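Undergrad: The following block contains the structure, expressed as structure tokens.
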Amino acid sequence: MKNLNILPTDNTPEVVLDINAETLTIKGVCAPENPKEFFNAVNDAVEAYKNNKKTLQIDIFLEYFNTGSSKCLLNLFLLILSTEGNKLKSTFNWMIEEGDDELKESGQIFEELTGVKFNYINI
Amino acid sequence: MNKFVIIFSLLTVVIKLQAQHFDVEKAILYNVTFQKNKLNAKYQNLKLANFESSKFDSFNEDLQAYIKDSLNDSDDEISLYIVKSIYEKNKNHIKNALFNATYAFKKSNIISNTVIKNNVYFLNGYLLYSLNAVEKSLFYLQKCTYPQSYLKFEVNYLIANCYKQTAKTDKAIDAFINLINTSKYISVVDYQKNLNEVISISEKNNDDALALMYSLRLDTLYNRVNQQGTKKVLLNNNIYYNSLTPDNVINYLNTQQSINNNNIGLLYRKLGDYKTSEKYFLESIKLLGKNKNNDIYPNVKTNIGLTYMYLKKYAEADENLQFALSYYIKKENVNKQAELNNIIAKNDFLTGNSNSAISKCNASIALSSKEKDYTNLANSYFILSEVYAFNNDFQKSQYYYKLYNDTKDLALNVEPKNTSTDKKVNELQGDVNDEISTIEKRELETAKIKLESIQKEQELLLLKKDNELKEKTLVNQQLEKEQVQKSLALIKEQLDKEKINNEYLALSKDREKKLLESKNYQKDIQLLNADKISYKREGQLKQLELDNNKKIQRFLIGGLSLLGVFLGFIVFAFYKNNKQKSIISNNMSQLEMYSENLVTANTQLEETINEVNEQKHVIEEKNNQILDSINYSSRIQNSLFVNEEKLNTFFNDSFVINLPRDIVSGDFYLTKQKGSKIYVAVVDCTGHGVPGSLISIIGYQEINHILDKHNFSPAKILHTLNKNINNLINTNAQVGSDGMDVMLLEIDTAFNKITYAGARGFMSVFSDGILTDYKGDRNSIGEKNGDELPVFNDKVIKFNENDIVYLYSDGFLDQFSDIDKKRIGTKTFKTKLESIKQASLTSQKNELISLFNIHKGNAKQTDDVTVLGLKLKTVQKTINTVIENPRIEELLNSISQRETMRNNLMVIYGTVNQEIIISTIKLIEKKLITGNFSKTIITKVKMLSTEILQNISKHQTEHQTIYPYFIIGNNNNDLNIISGNVINEHEKNFLANKLPTYKALNREDLKKEYLETFSNSTITNEGNAGLGLLTILYRSDQNIEHDIVTIDEDLYHFNFEVIIKTNSNN
């Protein structure tokens, strides 16, 4: 199990999995052409984390994202929430800029799809 | 009987792994490629020659040079070490081979090319396996991840063999059984090879049943191959078999079959089925029939002999055993002779021929003791012990039994080979590692030196750059100096010019001043004249002509003296004529009165003259001050006007005529570029001179401000301007209605159209050789119809490149001639334009100015004059010229004519890629932030735009003339995203089916569908099975429109619009 630290680019977000702090942060723009490839590393790291740790705080602060990425995000959330193997106690923080209802609504879609409660935090 | 079995089993291991048919070395060599073209070309030649040794030698001669050459390219360098290693292996320089392979492995840590990495692992694994260092071999082989099935197979085959050699029998059997299944698809040779492996291991493992099962399977295979012949033999083209071709594979397989039959015979015998055992041995002999010189043949003969012994057919046994013995004698194979002698002794013993048995044993002992063949020796002693026991000579039997026991231990104590090779390999590897670490140390040093030299180089470079910078600074300073000098010269020149101007102005001022004076004098003279007329009426005084002061004074003095003479004459006449006495006395008193009046008038006149002189000075001074500031104002005003040079960046050619009536002008013009649009306005403000110029500055400011702040159409700009001007200056009742006539153009160079609106104002356009006049609406800016503001209208005209637009204020047309007092007028102006339409705009300007001056002659200029001539430019690839499909052209034109399009925030036209998408989204965001759109709208637009652009990027079908477009338009309440691209039949069907369906769903059902698809769809690189489309519909609240036009048989144009309502948010 290793820390994950993916630096942001113009169309991919910064992703940091901090094992000591027990946080997963996804921040920035998420609209790569092949989101699956991008999320592979994240999923692997989270899977390893899941086998070793008990709690995880997920901080999502996305500017915007494309459909492919939203599907990959959903899969990532479901992986974190899955009860298979070691079960994680997780907290989801969905960060938005004040007044960005569009992004908030996107978060609510994820809530409906995963059945988990998001904390909406204004930045 | 048990004891026999032990002896026999020592003799029965016939089958050993045959030479490997798969050529690992060639497989790796064929898998090697190089990045460097030259090197790769040479290597390809080598490959084409199938690595023929002479060519390989010559390649090797250059190898070291290649390696040096490739030091900066790790991939190539490693590949070269691989080639070199195999070369050394072929030359039997094992240490060198191992060195190069190990070195390649160490280097391979830094590269990412998996093909090369796999080659390195396979090579190292193979080399170590061939040295019997199986544990080490496994380390490398297990790293291999070849994607090619045959290479994967061969790696696994080596791994299985490693297991076999490390006595991990279960693992080995599992591995080989696995390989059997895959080998079916690799080649027949590999299939039988793996079956053989399983058989041999299970035999060793004493699992005879398993061995027999696979042996029989092998037999089935051979029979099938025999029946089907060469053509059906499966041989993988990708595998480099050692001297095995489809032609000789049948022979090879026949041999293998006979070996297999032999094995089956052995197994049946082991299992006690001697009859079947005999059958298989006979089959084996039959197959070998043509090839008796094969080493296998005497082996099978020995084995069948043994089976006959079990069957108690001793004569047949003897016959076969003797055959084998004679073969070995011929071949001088001492060990085998000893072995056969033992078996024959056994057979003799079983037939009861003890003497023969003893002599055979002694013969065997003689042979094997010379060879220190303890195994056969032990066997001989054992048989002798048995024979003597049978003959009741227990002393001798005991003696030989003791010898048997001692020798058996010796036979067992023979050192197994593997440990020694492992030791050897360890030593070898130690050497190799030492060498490599020496090289690495050397490399580190070289790298350090190189680094230092690079650092030095960089320092030098920095120094050089510093010097260059200094030089540049010097040059710049020099240039600056020159520039300062130049500007100083310019200022001087200007000063000189101004001085001349001032002098000229002083002169003209003087003239005006004099004129003013004369006017004043005239007034006074008129006064005097009035008096004079009354004097005249009396007939006493003559009219006085007064031109200047002195003249007046002279006349007055003259007048007085005349008066004196006249008085004298009257007095004389009085005395002469009594009748007229009373009349004269009357006249006298009157005359006295006149005289008094005249004197008073004279002093008054003098006073006036002094006053006028004083005023003249004051006016002179004031006038100077005013002119100074007016001149300065004129300079300010001129600085607002762009010159022709600047205009020519927007137009193919241009001219400006700007002639103020009174130094400063009430006319002005302005230009502004916004993307592919150029705004041009010509404005004529009420009045001229200073008041006109003041209004013009306000107008200039206002129009610029509106253009900067908004994306309004020309009519809307005029409307806003009118509102602002009315608020600014016309609310004050003391000032009369001030305003301006405006002609405002929005020239869209991308869509070849001019949108214009006018508050009065004129324009003429030369298009296709025809000159057409256009006029603005009836109201000026500043006018109000009661409380209601007048309406201005946009009109659109299309243009072609190099059409000429003339914009002008009425000053040119209204200029009066000094001869006939007639205006230049539209007709003359247009005739002139017609006559000069071919000329350059510079000569057109000269022609128009000379027309103006000739017409004006000595008359005063009526009004400020402004004329602009603009030769229109278009951007190169406009949609209009590119698109040939009339339906799409019409569509695009209709889009471009729309109100929304006038205020587009973003237009992308052409192929879309990821970079374009990223920068487009960034730009959109900036524009929306500037436009004060809400966070929600900005995010929504960014998401939708990304989706749409990525869809275009994924699905854009190449078309020669129709490019994709992506436009974001800003209507007052809506943002429109309009896109279009060419799609194929499949995409068309998908969209034509899904879009109307999704659009028709009510919000709740759409959400349901969206969530469902979101949960269930899978993402591939090609798309997301409708999820993208649903996302767009969901985010846009289903405010979408689309249009699909057939272009060709299976090509369609897809126009897609998303409307985002912003009413409550903007």
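By order in the structure tokens, chains are A, B, ...; within a chain, residues start at 1; ligands start at 1, following the order shown.
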Tell me as a list in words which residues belonging to chain B come within 8 Å of chain A, counting only C-alpha atoms.
TA: Gln914, Ile918, Ser934, Lys935, Thr936, Ile937, Thr939, Lys940, Lys942, Met943, Thr946, Glu947, Gln950, Leu1011, Phe1014, Ser1015, Thr1018, Ile1019, Thr1020, Asn1021, Gly1023, Asn1024, Leu1027, Gly1028 and Thr1031 of chain B
Undergrad: Please produce a file of the residues just selected, as a short mmCIF file (atom, residue, chain, number, x, y, z; two decimals), in the first residue's frame, where the atoms kept are N, CA, C and O atoms.
TA:
```cif
data_model
loop_
_atom_site.label_atom_id
_atom_site.label_comp_id
_atom_site.auth_asym_id
_atom_site.auth_seq_id
_atom_site.Cartn_x
_atom_site.Cartn_y
_atom_site.Cartn_z
N GLN B 914 -8.17 17.53 -28.62
CA GLN B 914 -8.20 17.70 -27.17
C GLN B 914 -7.65 19.06 -26.75
O GLN B 914 -8.20 19.71 -25.86
N ILE B 918 -9.62 21.95 -24.58
CA ILE B 918 -9.16 22.50 -23.31
C ILE B 918 -9.14 24.02 -23.37
O ILE B 918 -9.68 24.70 -22.49
N SER B 934 -23.80 33.48 -13.74
CA SER B 934 -23.71 32.85 -12.42
C SER B 934 -22.84 31.60 -12.49
O SER B 934 -22.61 31.05 -13.54
N LYS B 935 -22.36 31.21 -11.32
CA LYS B 935 -21.54 30.00 -11.19
C LYS B 935 -22.22 28.80 -11.82
O LYS B 935 -21.63 28.02 -12.54
N THR B 936 -23.52 28.67 -11.51
CA THR B 936 -24.28 27.54 -12.00
C THR B 936 -24.24 27.49 -13.53
O THR B 936 -23.98 26.44 -14.11
N ILE B 937 -24.51 28.65 -14.13
CA ILE B 937 -24.53 28.68 -15.60
C ILE B 937 -23.14 28.38 -16.16
O ILE B 937 -23.00 27.63 -17.12
N THR B 939 -20.68 26.61 -14.86
CA THR B 939 -20.39 25.18 -14.75
C THR B 939 -21.19 24.38 -15.78
O THR B 939 -20.68 23.49 -16.45
N LYS B 940 -22.47 24.74 -15.90
CA LYS B 940 -23.34 24.03 -16.85
C LYS B 940 -22.79 24.14 -18.27
O LYS B 940 -22.66 23.14 -18.97
N LYS B 942 -19.75 24.85 -19.18
CA LYS B 942 -18.47 24.16 -19.30
C LYS B 942 -18.68 22.66 -19.49
O LYS B 942 -18.04 22.02 -20.32
N MET B 943 -19.59 22.11 -18.68
CA MET B 943 -19.85 20.66 -18.78
C MET B 943 -20.44 20.31 -20.13
O MET B 943 -20.02 19.36 -20.79
N THR B 946 -17.87 20.74 -22.97
CA THR B 946 -16.90 19.65 -22.98
C THR B 946 -17.51 18.41 -23.62
O THR B 946 -16.92 17.76 -24.47
N GLU B 947 -18.75 18.12 -23.20
CA GLU B 947 -19.43 16.94 -23.70
C GLU B 947 -19.60 17.02 -25.22
O GLU B 947 -19.30 16.07 -25.95
N GLN B 950 -16.21 17.00 -27.08
CA GLN B 950 -15.59 15.66 -27.09
C GLN B 950 -16.36 14.72 -28.00
O GLN B 950 -15.77 13.86 -28.64
N LEU B 1011 -30.55 8.02 -14.65
CA LEU B 1011 -29.95 7.31 -13.53
C LEU B 1011 -29.72 5.84 -13.87
O LEU B 1011 -28.71 5.25 -13.52
N PHE B 1014 -26.87 5.59 -16.28
CA PHE B 1014 -25.67 5.92 -15.52
C PHE B 1014 -25.18 4.69 -14.76
O PHE B 1014 -24.00 4.34 -14.78
N SER B 1015 -26.10 3.99 -14.13
CA SER B 1015 -25.73 2.82 -13.34
C SER B 1015 -25.25 1.67 -14.20
O SER B 1015 -24.33 0.95 -13.85
N THR B 1018 -21.46 0.97 -19.65
CA THR B 1018 -20.03 0.77 -19.50
C THR B 1018 -19.33 1.76 -20.40
O THR B 1018 -19.83 2.12 -21.45
N ILE B 1019 -18.19 2.20 -19.93
CA ILE B 1019 -17.45 3.21 -20.68
C ILE B 1019 -16.38 2.52 -21.51
O ILE B 1019 -15.59 1.73 -20.99
N THR B 1020 -16.38 2.80 -22.78
CA THR B 1020 -15.27 2.35 -23.61
C THR B 1020 -14.63 3.61 -24.18
O THR B 1020 -15.16 4.70 -24.05
N ASN B 1021 -13.48 3.42 -24.82
CA ASN B 1021 -12.82 4.59 -25.42
C ASN B 1021 -13.66 5.18 -26.54
O ASN B 1021 -13.53 6.33 -26.89
N GLY B 1023 -17.01 5.30 -26.65
CA GLY B 1023 -18.22 6.02 -26.27
C GLY B 1023 -18.80 5.48 -24.99
O GLY B 1023 -18.21 4.66 -24.30
N ASN B 1024 -19.99 5.96 -24.68
CA ASN B 1024 -20.57 5.55 -23.42
C ASN B 1024 -22.04 5.19 -23.56
O ASN B 1024 -22.84 5.42 -22.67
N LEU B 1027 -25.05 7.50 -22.63
CA LEU B 1027 -25.01 8.23 -21.36
C LEU B 1027 -24.68 9.70 -21.59
O LEU B 1027 -25.24 10.58 -20.96
N GLY B 1028 -23.77 9.94 -22.55
CA GLY B 1028 -23.38 11.31 -22.88
C GLY B 1028 -24.58 12.12 -23.34
O GLY B 1028 -24.80 13.25 -22.91
N THR B 1031 -26.84 12.84 -20.51
CA THR B 1031 -26.25 13.89 -19.67
C THR B 1031 -26.58 15.26 -20.24
O THR B 1031 -26.98 16.17 -19.52
#
```
Undergrad: Residues of chain A in strand (DSSP E or B) according to DSSP, as a ChimeraX atom specification?
TA: /A:4-6,14-18,23-30,55-65,89-96,118-122
Undergrad: Would you mind exporting the chosen residues as a compact mmCIF listing (two decimals), in the first residue's frame, restricted to N, CA and C atoms?
TA:
```
# COMPACT_ATOMS: atom_id res chain seq x y z
N LEU A 4 -0.79 7.73 -3.02
CA LEU A 4 -0.98 8.01 -4.44
C LEU A 4 -0.93 9.53 -4.59
N ASN A 5 -0.17 9.97 -5.56
CA ASN A 5 -0.08 11.42 -5.75
C ASN A 5 -0.01 11.71 -7.24
N ILE A 6 -1.19 11.95 -7.84
CA ILE A 6 -1.23 12.25 -9.27
C ILE A 6 -1.35 13.76 -9.44
N GLU A 14 -6.03 16.57 -9.84
CA GLU A 14 -5.03 16.14 -8.88
C GLU A 14 -5.68 15.05 -8.04
N VAL A 15 -5.00 13.91 -7.87
CA VAL A 15 -5.55 12.86 -7.03
C VAL A 15 -4.51 12.51 -5.96
N VAL A 16 -4.91 12.63 -4.71
CA VAL A 16 -3.98 12.33 -3.62
C VAL A 16 -4.65 11.35 -2.66
N LEU A 17 -4.03 10.19 -2.51
CA LEU A 17 -4.48 9.24 -1.48
C LEU A 17 -3.43 9.26 -0.39
N ASP A 18 -3.80 9.86 0.73
CA ASP A 18 -2.85 10.03 1.84
C ASP A 18 -3.16 8.99 2.90
N THR A 23 -7.10 10.19 3.80
CA THR A 23 -7.96 10.99 2.92
C THR A 23 -7.66 10.67 1.45
N LEU A 24 -8.73 10.76 0.67
CA LEU A 24 -8.58 10.69 -0.79
C LEU A 24 -9.11 12.01 -1.34
N THR A 25 -8.24 12.77 -2.01
CA THR A 25 -8.65 14.07 -2.54
C THR A 25 -8.61 14.04 -4.06
N ILE A 26 -9.72 14.44 -4.68
CA ILE A 26 -9.76 14.56 -6.14
C ILE A 26 -10.12 16.01 -6.44
N LYS A 27 -9.23 16.71 -7.13
CA LYS A 27 -9.41 18.16 -7.23
C LYS A 27 -9.05 18.65 -8.62
N GLY A 28 -9.95 19.41 -9.23
CA GLY A 28 -9.64 20.04 -10.51
C GLY A 28 -10.61 19.67 -11.61
N VAL A 29 -10.10 19.66 -12.82
CA VAL A 29 -10.91 19.34 -14.00
C VAL A 29 -10.78 17.85 -14.25
N CYS A 30 -11.89 17.20 -14.60
CA CYS A 30 -11.78 15.77 -14.91
C CYS A 30 -12.48 15.49 -16.23
N THR A 55 -10.82 3.46 7.78
CA THR A 55 -11.61 4.65 7.47
C THR A 55 -10.98 5.43 6.33
N LEU A 56 -11.85 6.15 5.63
CA LEU A 56 -11.35 6.99 4.54
C LEU A 56 -12.29 8.19 4.37
N GLN A 57 -11.67 9.36 4.28
CA GLN A 57 -12.45 10.57 3.99
C GLN A 57 -12.20 10.95 2.54
N ILE A 58 -13.29 11.11 1.80
CA ILE A 58 -13.16 11.42 0.37
C ILE A 58 -13.55 12.87 0.15
N ASP A 59 -12.58 13.67 -0.33
CA ASP A 59 -12.85 15.07 -0.63
C ASP A 59 -12.84 15.26 -2.14
N ILE A 60 -14.00 15.60 -2.68
CA ILE A 60 -14.10 15.79 -4.13
C ILE A 60 -14.32 17.28 -4.39
N PHE A 61 -13.41 17.88 -5.14
CA PHE A 61 -13.57 19.28 -5.51
C PHE A 61 -13.31 19.40 -6.99
N LEU A 62 -14.36 19.15 -7.76
CA LEU A 62 -14.19 19.15 -9.21
C LEU A 62 -14.73 20.45 -9.80
N GLU A 63 -14.02 20.91 -10.81
CA GLU A 63 -14.45 22.14 -11.49
C GLU A 63 -15.53 21.75 -12.50
N TYR A 64 -15.19 20.79 -13.34
CA TYR A 64 -16.18 20.18 -14.22
C TYR A 64 -15.67 18.84 -14.67
N PHE A 65 -16.54 18.00 -15.21
CA PHE A 65 -16.10 16.69 -15.65
C PHE A 65 -16.95 16.22 -16.82
N LYS A 89 -15.06 2.59 6.55
CA LYS A 89 -15.96 3.61 7.07
C LYS A 89 -15.59 4.88 6.32
N SER A 90 -16.54 5.37 5.49
CA SER A 90 -16.16 6.47 4.61
C SER A 90 -17.02 7.70 4.82
N THR A 91 -16.41 8.87 4.59
CA THR A 91 -17.12 10.16 4.62
C THR A 91 -16.89 10.82 3.27
N PHE A 92 -17.99 11.28 2.66
CA PHE A 92 -17.85 11.92 1.35
C PHE A 92 -18.09 13.42 1.49
N ASN A 93 -17.08 14.20 1.15
CA ASN A 93 -17.24 15.66 1.15
C ASN A 93 -17.23 16.15 -0.29
N TRP A 94 -18.31 16.78 -0.70
CA TRP A 94 -18.43 17.26 -2.08
C TRP A 94 -18.30 18.78 -2.01
N MET A 95 -17.14 19.27 -2.47
CA MET A 95 -16.86 20.69 -2.35
C MET A 95 -17.42 21.44 -3.56
N ILE A 96 -18.02 22.58 -3.29
CA ILE A 96 -18.49 23.40 -4.39
C ILE A 96 -18.18 24.86 -4.12
N PHE A 118 -23.77 12.78 1.05
CA PHE A 118 -22.61 13.65 0.82
C PHE A 118 -22.71 14.85 1.73
N ASN A 119 -21.58 15.33 2.24
CA ASN A 119 -21.56 16.64 2.90
C ASN A 119 -21.20 17.66 1.84
N TYR A 120 -22.04 18.69 1.70
CA TYR A 120 -21.73 19.73 0.72
C TYR A 120 -21.01 20.87 1.42
N ILE A 121 -19.84 21.15 0.98
CA ILE A 121 -19.03 22.16 1.65
C ILE A 121 -18.73 23.28 0.67
N ASN A 122 -19.11 24.48 1.05
CA ASN A 122 -18.82 25.64 0.21
C ASN A 122 -17.38 26.08 0.37
```
Undergrad: Using only C-alpha atoms, pick whichever of B:Phe655, B:Tyr594, B:Phe34, B:Phe51 has the shortest atom-to-atom distance to Ile67 in chain B.
TA: B:Phe34
Undergrad: Rounded to one decimal place, report the CA of Asn984 in chain B-CA of Leu949 in chain B distance in Å.
TA: 17.1 Å
Undergrad: With a distance cut-off of 6 Å and only C-alpha atoms, select the neighbouring residues of range 802-811 of chain B, excluding the residue or stretch itself and same-chain residues fewer than 5 positions from it, and output the selection as number ranges by chain.
TA: B: 684, 763-767, 863-872
Undergrad: Interatomic distance between CA of Asn20 in chain A and CA of Ile80 in chain A?
TA: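 We find that CA of Asn20 in chain A and CA of Ile80 in chain A lie 17.3 Å from each other.
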Undergrad: Per DSSP on the backbone, what are the helix (DSSP H, G or I) residues of range 35-100 of chain A, as a PyMOL selection string?
TA: chain A and resi 35-52+67-81
Undergrad: Can those selected residues be exported to a file as a compact mmCIF listing (two decimals), in the first residue's frame so that it contains C-alpha atoms?
TA:
```txt
# COMPACT_ATOMS: atom_id res chain seq x y z
CA PRO A 35 -11.10 8.31 -18.29
CA LYS A 36 -10.91 4.56 -17.67
CA GLU A 37 -7.17 4.56 -18.13
CA PHE A 38 -6.84 7.52 -15.80
CA PHE A 39 -8.93 5.92 -13.06
CA ASN A 40 -7.18 2.54 -13.19
CA ALA A 41 -4.34 3.75 -10.97
CA VAL A 42 -6.80 5.38 -8.57
CA ASN A 43 -8.90 2.23 -8.29
CA ASP A 44 -5.83 0.06 -7.70
CA ALA A 45 -4.57 2.35 -4.95
CA VAL A 46 -7.99 2.49 -3.30
CA GLU A 47 -8.33 -1.28 -3.49
CA ALA A 48 -5.00 -1.76 -1.75
CA TYR A 49 -5.98 0.86 0.79
CA LYS A 50 -9.25 -0.90 1.41
CA ASN A 51 -7.46 -4.12 2.32
CA ASN A 52 -5.37 -2.41 4.94
CA THR A 67 -19.63 11.85 -18.82
CA GLY A 68 -16.96 9.17 -19.05
CA SER A 69 -15.32 10.52 -15.91
CA SER A 70 -18.61 10.69 -14.06
CA LYS A 71 -19.13 6.99 -14.73
CA CYS A 72 -15.60 6.26 -13.51
CA LEU A 73 -16.20 8.37 -10.40
CA LEU A 74 -19.34 6.38 -9.72
CA ASN A 75 -17.38 3.14 -10.02
CA LEU A 76 -14.74 4.50 -7.66
CA PHE A 77 -17.38 5.47 -5.10
CA LEU A 78 -19.00 2.06 -5.38
CA LEU A 79 -15.61 0.43 -4.88
CA ILE A 80 -15.05 2.45 -1.72
CA LEU A 81 -18.51 1.59 -0.48
```
Undergrad: Quote the spacing between CA of Leu771 in chain B and CA of Gly675 in chain B in Å to one decimal place.
TA: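 Spanning CA of Leu771 in chain B to CA of Gly675 in chain B is a straight-line distance of 28.2 Å.
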